[in-house]
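**Student:** For reference, this is target-v2.txt, and it has compact mmCIF, C-alpha atoms.
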```
# COMPACT_ATOMS: atom_id res chain seq x y z
CA MET A 1 37.18 45.34 -40.00
CA ILE A 2 37.83 44.40 -36.40
CA ALA A 3 38.31 47.99 -35.29
CA LEU A 4 35.16 49.13 -37.08
CA MET A 5 33.00 46.44 -35.50
CA LEU A 6 34.44 46.97 -32.04
CA MET A 7 33.49 50.62 -32.16
CA LEU A 8 29.89 49.42 -32.14
CA LEU A 9 30.27 47.34 -29.00
CA SER A 10 27.89 47.78 -26.10
CA HIS A 11 29.10 46.08 -22.92
CA ASN A 12 25.95 45.58 -20.84
CA SER A 13 27.75 44.78 -17.60
CA TYR A 14 28.63 48.43 -17.18
CA ALA A 15 26.52 51.30 -18.42
CA GLN A 16 27.40 54.98 -18.87
CA VAL A 17 30.98 53.94 -19.54
CA SER A 18 33.62 54.36 -22.21
CA GLU A 19 36.44 52.06 -23.24
CA VAL A 20 39.95 52.23 -24.62
CA TYR A 21 41.22 48.89 -25.90
CA GLN A 22 43.64 47.11 -28.21
CA VAL A 23 42.93 43.90 -30.14
CA LEU A 24 45.56 41.17 -29.97
CA LYS A 25 45.76 37.80 -31.72
CA VAL A 26 45.60 34.92 -29.21
CA GLU A 27 44.33 32.01 -31.32
CA GLU A 28 47.20 29.71 -30.36
CA TYR A 29 46.52 30.25 -26.65
CA ARG A 30 42.86 29.21 -26.53
CA GLY A 31 41.89 27.83 -23.13
CA LYS A 32 44.98 29.32 -21.46
CA LYS A 33 44.91 31.68 -18.49
CA PHE A 34 45.90 35.29 -19.06
CA THR A 35 46.85 38.18 -16.79
CA LEU A 36 46.36 41.83 -17.76
CA LYS A 37 48.14 44.50 -15.72
CA ALA A 38 48.29 48.29 -15.79
CA LYS A 39 48.92 51.24 -13.49
CA ILE A 40 46.11 53.74 -12.89
CA TYR A 41 46.36 57.08 -11.10
CA TYR A 42 43.13 58.73 -9.94
CA LYS A 43 43.27 62.51 -10.21
CA ASN A 44 40.07 62.54 -8.14
CA LYS A 45 39.12 60.14 -5.36
CA LEU A 46 37.37 56.88 -6.21
CA GLU A 47 33.59 57.37 -5.97
CA ASN A 48 30.53 55.15 -6.48
CA GLU A 49 29.91 56.29 -10.04
CA SER A 50 33.44 57.37 -11.02
CA PHE A 51 35.82 54.47 -11.47
CA ALA A 52 38.41 52.89 -13.74
CA VAL A 53 38.87 49.13 -14.19
CA LEU A 54 40.70 46.81 -16.56
CA SER A 55 38.63 44.91 -19.11
CA ALA A 56 39.01 42.11 -21.64
CA PHE A 57 36.70 40.51 -24.19
CA PRO A 58 37.08 37.54 -26.59
CA ILE A 59 36.58 37.95 -30.34
CA ASP A 60 36.14 35.23 -32.96
CA SER A 61 37.63 35.00 -36.45
CA GLN A 62 34.72 37.00 -37.89
CA ALA A 63 35.46 39.94 -35.57
CA LYS A 64 32.41 39.18 -33.43
CA VAL A 65 32.56 39.50 -29.66
CA ILE A 66 31.74 36.16 -28.07
CA GLY A 67 30.75 35.48 -24.49
CA GLN A 68 30.80 38.21 -21.88
CA PRO A 69 33.48 40.85 -21.28
CA ILE A 70 35.25 40.57 -17.95
CA TYR A 71 36.24 43.42 -15.64
CA ASN A 72 37.90 43.89 -12.27
CA ASP A 73 35.16 42.96 -9.80
CA ASN A 74 35.79 45.98 -7.63
CA ALA A 75 37.81 49.09 -8.48
CA GLY A 76 38.32 49.73 -4.77
CA THR A 77 40.33 46.53 -4.33
CA TYR A 78 43.25 48.05 -6.23
CA TYR A 79 42.72 51.76 -5.61
CA GLN A 80 45.40 53.66 -3.71
CA GLU A 81 44.62 57.30 -3.05
CA GLY A 82 47.26 59.69 -4.33
CA ALA A 83 49.40 56.94 -5.85
CA TRP A 84 49.78 54.80 -8.95
CA SER A 85 47.47 51.85 -8.28
CA PRO A 86 48.58 48.45 -9.65
CA TYR A 87 45.51 46.91 -11.30
CA GLU A 88 45.40 43.26 -12.36
CA LEU A 89 42.77 41.25 -14.25
CA THR A 90 42.91 37.48 -14.74
CA GLY A 91 40.81 35.23 -16.94
CA LYS A 92 40.84 32.39 -19.45
CA ILE A 93 40.94 32.84 -23.21
CA ASP A 94 37.73 31.55 -24.76
CA LYS A 95 38.12 28.26 -26.66
CA ASN A 96 36.62 29.93 -29.76
CA ALA A 97 38.59 33.19 -29.55
CA THR A 98 40.91 34.31 -32.31
CA TYR A 99 41.53 37.71 -30.76
CA LEU A 100 41.38 39.25 -27.31
CA GLY A 101 40.42 42.86 -26.75
CA VAL A 102 42.28 44.28 -23.73
CA GLY A 103 42.20 47.69 -22.14
CA MET A 104 40.21 49.61 -19.60
CA THR A 105 36.69 50.76 -18.90
CA VAL A 106 35.98 54.13 -17.31
CA GLY A 107 32.73 55.27 -15.74
CA GLY A 108 31.56 58.53 -14.24
CA TYR A 109 33.07 61.97 -14.15
CA GLY A 110 36.56 61.62 -12.72
CA SER A 111 39.94 62.00 -14.40
CA TYR A 112 42.56 59.24 -14.65
CA TYR A 113 46.09 58.59 -15.86
CA VAL A 114 46.91 55.08 -17.17
CA ASP A 115 50.31 53.61 -17.92
CA ASP A 116 52.31 50.43 -18.51
CA PHE A 117 49.88 47.82 -19.82
CA GLU A 118 51.15 44.22 -19.73
CA LEU A 119 49.55 41.01 -20.98
CA SER A 120 50.92 37.57 -20.17
CA ILE A 121 49.64 34.06 -20.82
CA LYS A 122 50.37 30.98 -18.71
CA ASP A 123 51.19 28.02 -20.96
CA GLY A 124 52.06 25.13 -18.66
CA LYS A 125 55.00 26.28 -16.57
CA GLN A 126 55.90 28.92 -19.13
CA VAL A 127 54.73 32.55 -18.88
CA ILE A 128 54.53 34.20 -22.29
CA ASN A 129 54.46 37.99 -22.59
CA ILE A 130 52.20 39.22 -25.40
CA PRO A 131 53.42 42.50 -26.95
CA ILE A 132 51.01 45.45 -26.66
CA THR A 133 51.74 48.27 -29.07
CA ASN A 134 52.49 51.56 -27.31
CA ALA A 135 51.73 49.97 -23.95
CA GLY A 136 53.35 52.88 -22.10
CA PHE A 137 51.93 55.58 -24.39
CA GLU A 138 55.33 57.08 -25.17
CA ASN A 139 54.17 57.47 -28.77
CA ASP A 140 51.80 60.43 -29.11
CA SER A 141 49.83 58.56 -31.76
CA LEU A 142 47.42 56.09 -30.14
CA GLY A 143 47.56 54.00 -33.30
CA ASN A 144 46.43 50.51 -32.38
CA TRP A 145 44.40 51.75 -29.40
CA GLN A 146 40.69 52.06 -30.15
CA ASN A 147 38.06 53.86 -28.10
CA SER A 148 34.28 53.83 -27.85
CA ARG A 149 31.52 55.83 -26.20
CA ILE A 150 33.69 58.76 -25.15
CA PRO A 151 31.17 61.25 -23.69
CA ILE A 152 30.60 64.76 -24.97
CA ASN A 153 33.13 67.06 -23.26
CA GLY A 154 35.21 64.01 -22.35
CA LYS A 155 38.81 63.91 -23.56
CA VAL A 156 41.23 61.00 -24.01
CA SER A 157 44.79 61.90 -24.95
CA VAL A 158 48.46 61.20 -24.36
CA SER A 159 49.76 63.37 -21.53
CA ASN A 160 53.23 64.29 -20.29
CA GLU A 161 51.93 65.69 -17.00
CA LYS A 162 52.28 62.41 -15.08
CA SER A 163 53.69 58.97 -15.81
CA HIS A 164 54.46 55.74 -13.99
CA SER A 165 57.44 55.06 -16.20
CA GLY A 166 58.91 56.93 -19.12
CA SER A 167 57.59 60.44 -19.63
CA LYS A 168 53.99 59.98 -20.79
CA SER A 169 50.71 58.26 -19.97
CA LEU A 170 47.15 58.00 -21.28
CA TYR A 171 44.88 60.64 -19.74
CA PHE A 172 41.10 60.49 -19.34
CA ASP A 173 39.71 63.95 -18.57
CA TYR A 174 36.00 63.71 -17.81
CA SER A 175 35.90 66.66 -15.41
CA GLN A 176 33.67 68.71 -17.71
CA VAL A 177 31.14 65.96 -18.41
CA ALA A 178 29.04 66.18 -15.28
CA ALA A 179 27.97 69.80 -14.93
CA SER A 180 24.46 69.35 -16.34
CA SER A 181 24.13 65.56 -16.19
CA PHE A 182 21.38 63.77 -14.27
CA GLY A 183 22.78 63.10 -10.84
CA SER A 184 25.22 66.02 -11.03
CA ASN A 185 23.01 68.85 -12.25
CA GLN A 186 24.15 71.94 -10.39
CA GLU A 187 21.12 73.93 -11.50
CA VAL A 188 18.46 71.68 -9.96
CA GLY A 189 20.36 69.70 -7.33
CA ASN A 190 19.41 70.18 -3.69
CA TYR A 191 19.77 68.61 -0.25
CA VAL A 192 17.30 67.77 2.49
CA GLU A 193 18.22 66.74 6.03
CA VAL A 194 16.57 63.50 7.14
CA ASN A 195 17.40 61.40 10.15
CA ASP A 196 21.16 61.91 10.49
CA VAL A 197 22.23 62.59 6.89
CA GLU A 198 21.87 65.05 4.01
CA LEU A 199 20.09 63.41 1.07
CA TYR A 200 20.85 64.75 -2.40
CA TYR A 201 17.97 64.95 -4.88
CA GLU A 202 17.04 66.47 -8.24
CA ILE A 203 13.55 67.27 -9.57
CA TYR A 204 12.46 67.40 -13.22
CA GLY A 205 9.07 67.93 -14.89
CA GLU A 206 5.55 68.39 -13.57
CA GLY A 207 2.69 66.05 -12.65
CA ASP A 208 2.32 63.10 -10.31
CA PRO A 209 5.61 62.50 -8.48
CA VAL A 210 7.81 59.53 -9.42
CA ILE A 211 10.77 58.81 -7.13
CA LEU A 212 13.71 56.91 -8.63
CA LEU A 213 15.58 54.61 -6.23
CA HIS A 214 18.91 53.19 -7.43
CA GLY A 215 20.84 50.03 -6.59
CA ASN A 216 23.62 49.23 -4.14
CA ASN A 217 26.77 51.38 -4.17
CA SER A 218 25.41 53.50 -6.99
CA SER A 219 23.51 56.75 -7.56
CA MET A 220 20.49 58.18 -9.36
CA ALA A 221 22.66 58.57 -12.49
CA ARG A 222 22.19 54.87 -13.22
CA LEU A 223 18.49 55.60 -13.84
CA LYS A 224 19.10 58.29 -16.45
CA TYR A 225 17.00 56.51 -19.10
CA GLN A 226 14.05 56.47 -16.72
CA GLN A 227 14.54 60.13 -15.83
CA GLU A 228 14.62 61.11 -19.51
CA TYR A 229 11.52 59.06 -20.32
CA PHE A 230 9.23 59.97 -17.43
CA LYS A 231 10.06 63.66 -16.93
CA GLY A 232 7.71 64.61 -19.77
CA ASP A 233 4.59 63.33 -17.96
CA TYR A 234 5.60 63.22 -14.30
CA LYS A 235 7.48 65.13 -11.65
CA VAL A 236 10.59 62.94 -11.55
CA ILE A 237 12.58 62.99 -8.32
CA GLY A 238 16.02 61.44 -8.51
CA LEU A 239 17.43 60.48 -5.12
CA ASP A 240 20.86 59.35 -3.94
CA SER A 241 20.48 56.93 -1.02
CA ARG A 242 22.49 57.67 2.12
CA GLY A 243 26.22 57.35 1.73
CA GLN A 244 25.96 57.01 -2.03
CA GLY A 245 26.22 59.46 -4.89
CA LYS A 246 26.24 62.93 -3.39
CA SER A 247 24.32 62.06 -0.21
CA THR A 248 26.21 62.04 3.06
CA SER A 249 26.61 59.11 5.42
CA SER A 250 26.70 58.61 9.17
CA GLU A 251 27.86 55.91 11.55
CA THR A 252 24.28 54.79 12.23
CA ARG A 253 23.87 51.09 11.48
CA LEU A 254 23.00 50.69 7.82
CA SER A 255 19.77 48.87 6.95
CA TYR A 256 17.09 48.88 4.29
CA GLU A 257 14.58 49.88 6.96
CA LEU A 258 16.63 52.99 7.71
CA MET A 259 16.88 53.89 4.03
CA ALA A 260 13.14 53.34 3.59
CA ASP A 261 12.53 55.75 6.46
CA ASP A 262 14.87 58.23 4.75
CA VAL A 263 12.60 58.16 1.69
CA SER A 264 9.48 58.50 3.84
CA GLN A 265 10.94 61.58 5.52
CA LEU A 266 11.92 63.02 2.12
CA ILE A 267 8.34 62.61 0.90
CA LYS A 268 7.06 64.52 3.93
CA LYS A 269 9.65 67.30 3.70
CA LEU A 270 8.95 67.85 0.00
CA GLY A 271 5.23 68.20 0.85
CA LEU A 272 4.20 65.24 -1.29
CA GLU A 273 1.20 63.02 -0.66
CA LYS A 274 1.06 59.75 -2.60
CA VAL A 275 4.02 59.04 -4.87
CA ASN A 276 4.95 56.52 -7.53
CA ILE A 277 8.20 54.62 -7.08
CA ILE A 278 10.61 53.06 -9.56
CA GLY A 279 13.10 50.96 -7.60
CA TRP A 280 15.98 48.97 -9.08
CA SER A 281 17.76 46.27 -7.06
CA ASP A 282 18.42 47.77 -3.59
CA GLY A 283 15.98 50.50 -4.60
CA GLY A 284 13.31 47.82 -4.95
CA ASN A 285 14.12 46.45 -1.51
CA ILE A 286 13.74 49.94 -0.05
CA ALA A 287 10.49 50.48 -1.96
CA LEU A 288 8.93 47.29 -0.59
CA ILE A 289 9.71 48.22 3.01
CA LEU A 290 8.45 51.76 2.44
CA ALA A 291 5.17 50.46 1.00
CA MET A 292 4.76 48.02 3.90
CA GLU A 293 5.43 50.57 6.63
CA HIS A 294 3.92 53.67 5.00
CA PRO A 295 1.20 52.46 2.63
CA GLU A 296 -0.48 55.86 2.78
CA GLN A 297 2.47 57.41 0.90
CA ILE A 298 2.46 55.07 -2.13
CA LYS A 299 0.25 55.35 -5.20
CA SER A 300 1.93 52.65 -7.31
CA MET A 301 5.35 51.06 -7.68
CA ALA A 302 7.55 49.31 -10.24
CA ILE A 303 10.44 47.30 -8.80
CA MET A 304 13.24 45.54 -10.65
CA GLY A 305 15.57 42.75 -9.44
CA THR A 306 14.31 42.86 -5.86
CA VAL A 307 14.88 40.40 -3.00
CA LEU A 308 13.19 39.69 0.32
CA TYR A 309 16.27 38.00 1.76
CA ASN A 310 19.60 36.68 0.56
CA ASP A 311 19.94 32.89 0.45
CA LYS A 312 20.35 30.17 -2.16
CA SER A 313 16.65 30.38 -3.06
CA SER A 314 16.74 34.07 -3.91
CA VAL A 315 20.15 35.00 -5.37
CA THR A 316 22.53 33.09 -7.65
CA ALA A 317 25.47 31.44 -5.91
CA LYS A 318 27.91 33.15 -8.29
CA THR A 319 26.68 36.58 -7.19
CA ASN A 320 27.32 35.88 -3.54
CA ARG A 321 30.71 34.35 -4.29
CA VAL A 322 31.78 37.55 -6.02
CA ILE A 323 30.56 39.77 -3.16
CA LYS A 324 32.21 37.57 -0.52
CA LYS A 325 35.45 37.68 -2.51
CA GLN A 326 35.29 41.48 -2.59
CA VAL A 327 34.60 41.69 1.15
CA ALA A 328 37.46 39.30 1.92
CA ALA A 329 39.84 41.38 -0.21
CA MET A 330 38.83 44.55 1.64
CA GLU A 331 39.29 42.87 5.02
CA LYS A 332 42.72 41.62 3.94
CA GLN A 333 43.63 45.22 3.14
CA ASP A 334 42.40 46.31 6.59
CA ILE A 335 39.72 48.55 5.08
CA SER A 336 37.86 50.32 7.88
CA LYS A 337 34.56 48.74 8.90
CA LYS A 338 33.17 52.30 8.64
CA ASP A 339 34.04 52.49 4.94
CA MET A 340 30.77 52.91 3.02
CA ASP A 341 31.79 50.57 0.21
CA TYR A 342 32.49 47.86 2.79
CA ARG A 343 29.24 48.54 4.67
CA LEU A 344 27.19 48.39 1.46
CA LYS A 345 28.68 45.06 0.43
CA LYS A 346 27.99 43.61 3.88
CA LEU A 347 24.43 44.91 3.53
CA LEU A 348 24.04 42.91 0.31
CA LEU A 349 25.21 39.74 2.03
CA ASN A 350 23.26 40.06 5.28
CA GLU A 351 19.99 41.82 4.42
CA PRO A 352 17.12 42.37 3.87
CA HIS A 353 14.95 40.24 6.18
CA ILE A 354 11.45 40.64 4.76
CA ASP A 355 8.77 38.09 5.66
CA PRO A 356 6.98 37.19 2.40
CA ASN A 357 3.63 37.25 4.23
CA ALA A 358 4.30 40.84 5.35
CA LEU A 359 3.94 41.90 1.70
CA GLY A 360 0.20 41.49 2.27
CA ASN A 361 0.34 44.91 4.00
CA ILE A 362 1.12 46.63 0.71
CA GLN A 363 -1.99 48.37 -0.59
CA ALA A 364 -0.61 49.86 -3.80
CA PRO A 365 -0.41 48.07 -7.15
CA VAL A 366 3.14 46.86 -7.78
CA LEU A 367 4.80 45.79 -11.02
CA VAL A 368 7.41 43.18 -10.01
CA MET A 369 10.10 42.85 -12.68
CA ALA A 370 13.27 40.87 -13.32
CA GLY A 371 15.39 39.81 -16.27
CA GLU A 372 15.30 36.26 -17.61
CA HIS A 373 19.00 36.05 -16.69
CA ASP A 374 18.78 38.11 -13.51
CA VAL A 375 20.99 37.54 -10.47
CA VAL A 376 17.67 37.26 -8.62
CA LYS A 377 16.14 33.86 -9.23
CA GLU A 378 12.87 33.83 -11.14
CA ARG A 379 10.98 31.83 -8.52
CA HIS A 380 11.86 34.46 -5.94
CA THR A 381 10.53 37.23 -8.17
CA GLU A 382 7.38 35.17 -8.68
CA LEU A 383 7.05 34.80 -4.90
CA ILE A 384 7.16 38.57 -4.41
CA ALA A 385 4.55 39.21 -7.10
CA HIS A 386 2.30 36.47 -5.68
CA LYS A 387 2.45 37.76 -2.10
CA ILE A 388 1.60 41.38 -2.96
CA PRO A 389 -2.22 41.69 -3.15
CA LYS A 390 -2.04 43.86 -6.29
CA GLY A 391 1.21 42.44 -7.63
CA THR A 392 1.87 41.94 -11.35
CA LEU A 393 4.79 39.86 -12.63
CA LYS A 394 6.96 40.87 -15.59
CA ILE A 395 10.02 38.87 -16.73
CA PHE A 396 12.04 40.48 -19.53
CA GLU A 397 13.08 37.81 -22.00
CA GLY A 398 16.79 37.75 -22.73
CA ALA A 399 17.57 40.53 -20.24
CA SER A 400 19.65 40.50 -17.07
CA HIS A 401 19.67 42.44 -13.81
CA GLU A 402 20.68 45.46 -15.90
CA ALA A 403 17.37 45.67 -17.83
CA PRO A 404 16.80 49.40 -17.05
CA GLU A 405 19.92 50.11 -19.12
CA GLU A 406 19.94 47.11 -21.47
CA ILE A 407 16.39 47.51 -22.79
CA PRO A 408 15.32 50.99 -21.63
CA GLU A 409 12.54 51.46 -24.19
CA LEU A 410 10.72 48.22 -23.32
CA PHE A 411 11.45 48.64 -19.61
CA ASN A 412 10.11 52.21 -19.50
CA GLN A 413 7.07 51.45 -21.65
CA SER A 414 6.13 48.53 -19.40
CA ILE A 415 6.21 50.79 -16.35
CA SER A 416 4.36 53.60 -18.10
CA ASN A 417 1.56 51.27 -19.16
CA PHE A 418 1.30 49.93 -15.61
CA PHE A 419 1.22 53.38 -14.01
CA LYS A 420 -1.46 54.61 -16.44
CA ALA A 421 -3.57 51.50 -15.90
CA ASN A 422 -3.56 52.19 -12.18
CA GLU A 423 -4.17 55.95 -12.14
```
Translate the structure of the given file into structure tokens.
**Tutor:**
Amino acid sequence: MIALMLMLLSHNSYAQVSEVYQVLKVEEYRGKKFTLKAKIYYKNKLENESFAVLSAFPIDSQAKVIGQPIYNDNAGTYYQEGAWSPYELTGKIDKNATYLGVGMTVGGYGSYYVDDFELSIKDGKQVINIPITNAGFENDSLGNWQNSRIPINGKVSVSNEKSHSGSKSLYFDYSQVAASSFGSNQEVGNYVEVNDVELYYEIYGEGDPVILLHGNNSSMARLKYQQEYFKGDYKVIGLDSRGQGKSTSSETRLSYELMADDVSQLIKKLGLEKVNIIGWSDGGNIALILAMEHPEQIKSMAIMGTVLYNDKSSVTAKTNRVIKKQVAAMEKQDISKKDMDYRLKKLLLNEPHIDPNALGNIQAPVLVMAGEHDVVKERHTELIAHKIPKGTLKIFEGASHEAPEEIPELFNQSISNFFKANE
């Protein structure tokens, strides 16, 4: 029963992902700290949308997942190019958990080898090792290992091509998944030179243009549900922001103003007049600045999880703690200050710097959205909607910052109704 129910899991913290996991009984260790370890070898380099992380989730006696799954905060913290990377995940076993699901979560289109899972629990001064069946994948039968949401053309199998120990490992081969996927569509993908970079974009459908702007350290692929929904009635333009996805980067100082100007230049080079914008997280920040500085280019906008500045009034303290922890880990590893992942995290901490009163310059109607449990505080979202002359507030009940993927039907319909009302 447990395996059957777990196959139906949908972990909202990561979208467009698949999981391989094993369920272990941990009832006697409730409230204790655990450590999950494994070795991961990237056949391709770590990229924004192609990653592998360890994951764990508590399960009660009725085989129901309780609480939230946990993952490594940042795949890049453990990643070692061309080598077996030692990943480690720590957490505390839920006080109501009977079982713990442990394994890994994979996103994107790369290929990975995984080997030597270990689970230990700290009980006072004692460290107890919890047996994981076929933890080194020496048995060709995956047996106790379950999997979910393996993509079409994706393969998960035991391989003898590479191993950390023994002669075999678990192999994720997703190299054939991306060829025609949104964000990696070789038939429609193109580049345009703006400022000092090459921006990657894809165009689908006909009609009024809608530009999709993704969040920090991401790509247009995260907005696949919006691309699928709107391409029937609009000309949908997916865009990878500079240094992310397939777009190139430069050493020019990174800012939301620069990325907004990138979008403005793209609009001009594609010969567009007024466009609609759907911006999520950083994409919303960019959209606001674009609408303030180039109001003549914007017909209407829908922004999700957007901030004017980062302080205790706008973003949850937990969010900033996580980002600061990631930055500190990268600095401890002497990651180059030119590294795009590092620069994007610093951008989250230090920008934007938008004066709320400057939103009065926006002429277009704007749907300002957030989740009830967003990392952006509700009062801050209300402030943005209030300061935009034609701003409309929408809070999605029960949703988080990931609403575009958590509740795509309601999210898309809300935007569609808003766009049509303002044609």
**Student:** Counting only C-alpha atoms, what is within 9 Å of Ile70 (chain A), bar same-chain residues fewer than 4 positions away, as a tab-separated table (two decimals) with C-alpha atoms, in the coordinates of the input?
**Tutor:**
```tsv
chain	number	residue	atom	x	y	z
A	13	SER	CA	27.75	44.78	-17.60
A	54	LEU	CA	40.70	46.81	-16.56
A	55	SER	CA	38.63	44.91	-19.11
A	56	ALA	CA	39.01	42.11	-21.64
A	57	PHE	CA	36.70	40.51	-24.19
A	89	LEU	CA	42.77	41.25	-14.25
A	90	THR	CA	42.91	37.48	-14.74
A	91	GLY	CA	40.81	35.23	-16.94
```
**Student:** Fewer than 6 positions away in the same chain doesn't count, so skip those; otherwise give me all residues within 10 Å of Lys345 (chain A), counting only C-alpha atoms, as a list in words.
**Tutor:**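 Using only C-alpha atoms, the neighbours found are Asn216, Asn217, Ile323, Lys324, Gln326 and Val327 of chain A.
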**Student:** Mind checking which residues fall within 9 Å of Ser61 (chain A), counting all atoms listed in the file, ignoring those fewer than 2 positions away in the same chain, and posting them as number ranges by chain?
**Tutor:** A: 27, 59, 63-64, 96-99
**Student:** Can you spit out the residues from that selection as a compact mmCIF listing (two decimals), in the frame of the given file, using C-alpha atoms?
**Tutor:**
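Contents of part-v2.txt, freshly written:
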```txt
# COMPACT_ATOMS: atom_id res chain seq x y z
CA GLU A 27 44.33 32.01 -31.32
CA ILE A 59 36.58 37.95 -30.34
CA ALA A 63 35.46 39.94 -35.57
CA LYS A 64 32.41 39.18 -33.43
CA ASN A 96 36.62 29.93 -29.76
CA ALA A 97 38.59 33.19 -29.55
CA THR A 98 40.91 34.31 -32.31
CA TYR A 99 41.53 37.71 -30.76
```
**Student:** If you measure from CA of Leu254 (chain A) to CA of Ile303 (chain A), what distance in Å do you get, rounded to one decimal?
**Tutor:**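 Separating CA of Leu254 (chain A) from CA of Ile303 (chain A) is a distance of 21.1 Å.
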**Student:** Which residues of region 271-302 of chain A sit at most 8 Å from region 307-314 of chain A, using only C-alpha atoms? Give each one's shortest atom pair and distance in Å (one decimal place), in chain and ascending residue order, as a tab-separated table.
**Tutor:**
```
residue	atom	partner	partner_atom	distance
A:Ser281	CA	A:Val307	CA	7.7
A:Gly284	CA	A:Val307	CA	7.8
A:Asn285	CA	A:Val307	CA	6.3
```
**Student:** Counting all atoms listed in the file, which residues have an atom no more than 9 Å from (1.6, 59.9, -5.6) in the file's coordinates? Please list them as an MDAnalysis selection string.
**Tutor:** chainID A and resid 208:210 272:277 297:300
**Student:** Now that the selection is made, can you save its residues with C-alpha atoms as a short mmCIF file (atom, residue, chain, number, x, y, z; two decimals), in the frame of the given file?
**Tutor:**
```cif
data_model
loop_
_atom_site.label_atom_id
_atom_site.label_comp_id
_atom_site.auth_asym_id
_atom_site.auth_seq_id
_atom_site.Cartn_x
_atom_site.Cartn_y
_atom_site.Cartn_z
CA ASP A 208 2.32 63.10 -10.31
CA PRO A 209 5.61 62.50 -8.48
CA VAL A 210 7.81 59.53 -9.42
CA LEU A 272 4.20 65.24 -1.29
CA GLU A 273 1.20 63.02 -0.66
CA LYS A 274 1.06 59.75 -2.60
CA VAL A 275 4.02 59.04 -4.87
CA ASN A 276 4.95 56.52 -7.53
CA ILE A 277 8.20 54.62 -7.08
CA GLN A 297 2.47 57.41 0.90
CA ILE A 298 2.46 55.07 -2.13
CA LYS A 299 0.25 55.35 -5.20
CA SER A 300 1.93 52.65 -7.31
#
```
**Student:** How close does each residue of region 279-376 of chain A get to region 255-262 of chain A, giving the shortest atom pair and distance in Å to one decimal for every residue with an atom at most 8 Å away, counting only C-alpha atoms, sorted by chain and residue number, as a tab-separated table?
**Tutor:**
```
residue	atom	partner	partner_atom	distance
A:Asn285	CA	A:Tyr256	CA	7.0
A:Ile286	CA	A:Ala260	CA	5.0
A:Ala287	CA	A:Ala260	CA	6.8
A:Ile289	CA	A:Ala260	CA	6.2
A:Leu290	CA	A:Ala260	CA	5.1
A:Leu347	CA	A:Ser255	CA	7.0
A:Glu351	CA	A:Ser255	CA	7.5
A:Pro352	CA	A:Tyr256	CA	6.5
```
**Student:** Each residue of region 145-258 of chain A lying at most 10 Å from region 400-417 of chain A should get a row with its shortest atom-to-atom pair and the distance in Å to one decimal, counting all atoms listed in the file; could you produce that, ordered by chain and increasing number, as a tab-separated table?
**Tutor:**
```
residue	atom	partner	partner_atom	distance
A:Arg222	CA	A:Glu405	CA	7.9
A:Leu223	CA	A:Pro404	CA	7.2
A:Lys224	CA	A:Glu405	CA	8.6
A:Tyr225	CA	A:Pro408	CA	6.3
A:Gln226	CA	A:Asn412	CA	6.4
A:Gln227	CA	A:Asn412	CA	9.8
A:Glu228	CA	A:Asn412	CA	10.0
A:Tyr229	CA	A:Asn412	CA	7.0
A:Phe230	CA	A:Ser416	CA	8.0
A:Asp233	CA	A:Ser416	CA	9.7
```
**Student:** Using all atoms listed in the file, find the one residue out of A:Ile128, A:Ala83, A:Thr252, A:Ser181 that sits nearest to Lys45 (chain A).
**Tutor:**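 Going through A:Ile128, A:Ala83, A:Thr252, A:Ser181 one by one, the smallest distance to Lys45 (chain A) is for A:Ala83.
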**Student:** One decimal, Å: what's the distance from CA of Ser167 (chain A) over to CA of Gly136 (chain A), could you say?
**Tutor:**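 Those two atoms sit 9.0 Å apart.
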**Student:** Find, counting only C-alpha atoms, the residue in A:Asp94, A:Glu161, A:Glu198, A:Glu118 that gets nearest to Tyr41 (chain A).
**Tutor:**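 The answer is A:Glu161, which sits nearest to Tyr41 (chain A).
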**Student:** Please indicate the distance in Å from CA of Ile40 (chain A) to CA of Gly103 (chain A), rounded to one decimal place.
**Tutor:**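 Atom-to-atom, CA of Ile40 (chain A) and CA of Gly103 (chain A) are spaced 11.7 Å apart.
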**Student:** Give, as JSON, the centre coordinates and the x, y and z edge lengths in Å to one decimal for an axis-aligned box around all listed atoms of region 188-207 of chain A, padded by 6 Å on each side.
**Tutor:**
```
{"center_x": 12.5, "center_y": 66.5, "center_z": -2.2, "size_x": 31.5, "size_y": 22.3, "size_z": 37.4}
```
**Student:** Check the smallest atom-to-atom distance from each of A:Asp60, A:Glu19, A:Asp140, A:Asp196 to Ser250 (chain A) using only C-alpha atoms, then report the winner.
**Tutor:**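 Once distances to Ser250 (chain A) are computed over only C-alpha atoms, the minimum belongs to A:Asp196.
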**Student:** Residues near Lys325 (chain A), anyone? I mean within 12 Å using only C-alpha atoms, not counting same-chain ones fewer than 2 positions away, as a PyMOL selection string.
**Tutor:** chain A and resi 72-74+77+318-323+327-332+342+345-346+349
**Student:** So, with only C-alpha atoms as the atoms that count, which of A:Ser141, A:Gln146, A:Gln176, A:Ser249 lies closest to Glu193 (chain A)?
**Tutor:**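 Of A:Ser141, A:Gln146, A:Gln176, A:Ser249, the one nearest Glu193 (chain A), counting only C-alpha atoms, is A:Ser249.
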**Student:** Between A:Thr35, A:Ser85, A:Asn134, A:Ser120, which one has atoms that come closest to Gln22 (chain A), using all atoms listed in the file?
**Tutor:** A:Asn134
**Student:** Quick one: everything within 12 Å of Gly143 (chain A), counting all atoms listed in the file, minus sequence neighbours fewer than 3 positions away in the same chain. Send it as a PyMOL selection string.
**Tutor:** chain A and resi 3+20-23+132-135+137-140+146-147+157-158
**Student:** For a quick check of understanding, using only C-alpha atoms, which of A:Gly124, A:Pro389, A:Pro131, A:Glu202 has the smallest distance to Asn144 (chain A)?
**Tutor:**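 Among the listed residues, the smallest separation from Asn144 (chain A) belongs to A:Pro131.
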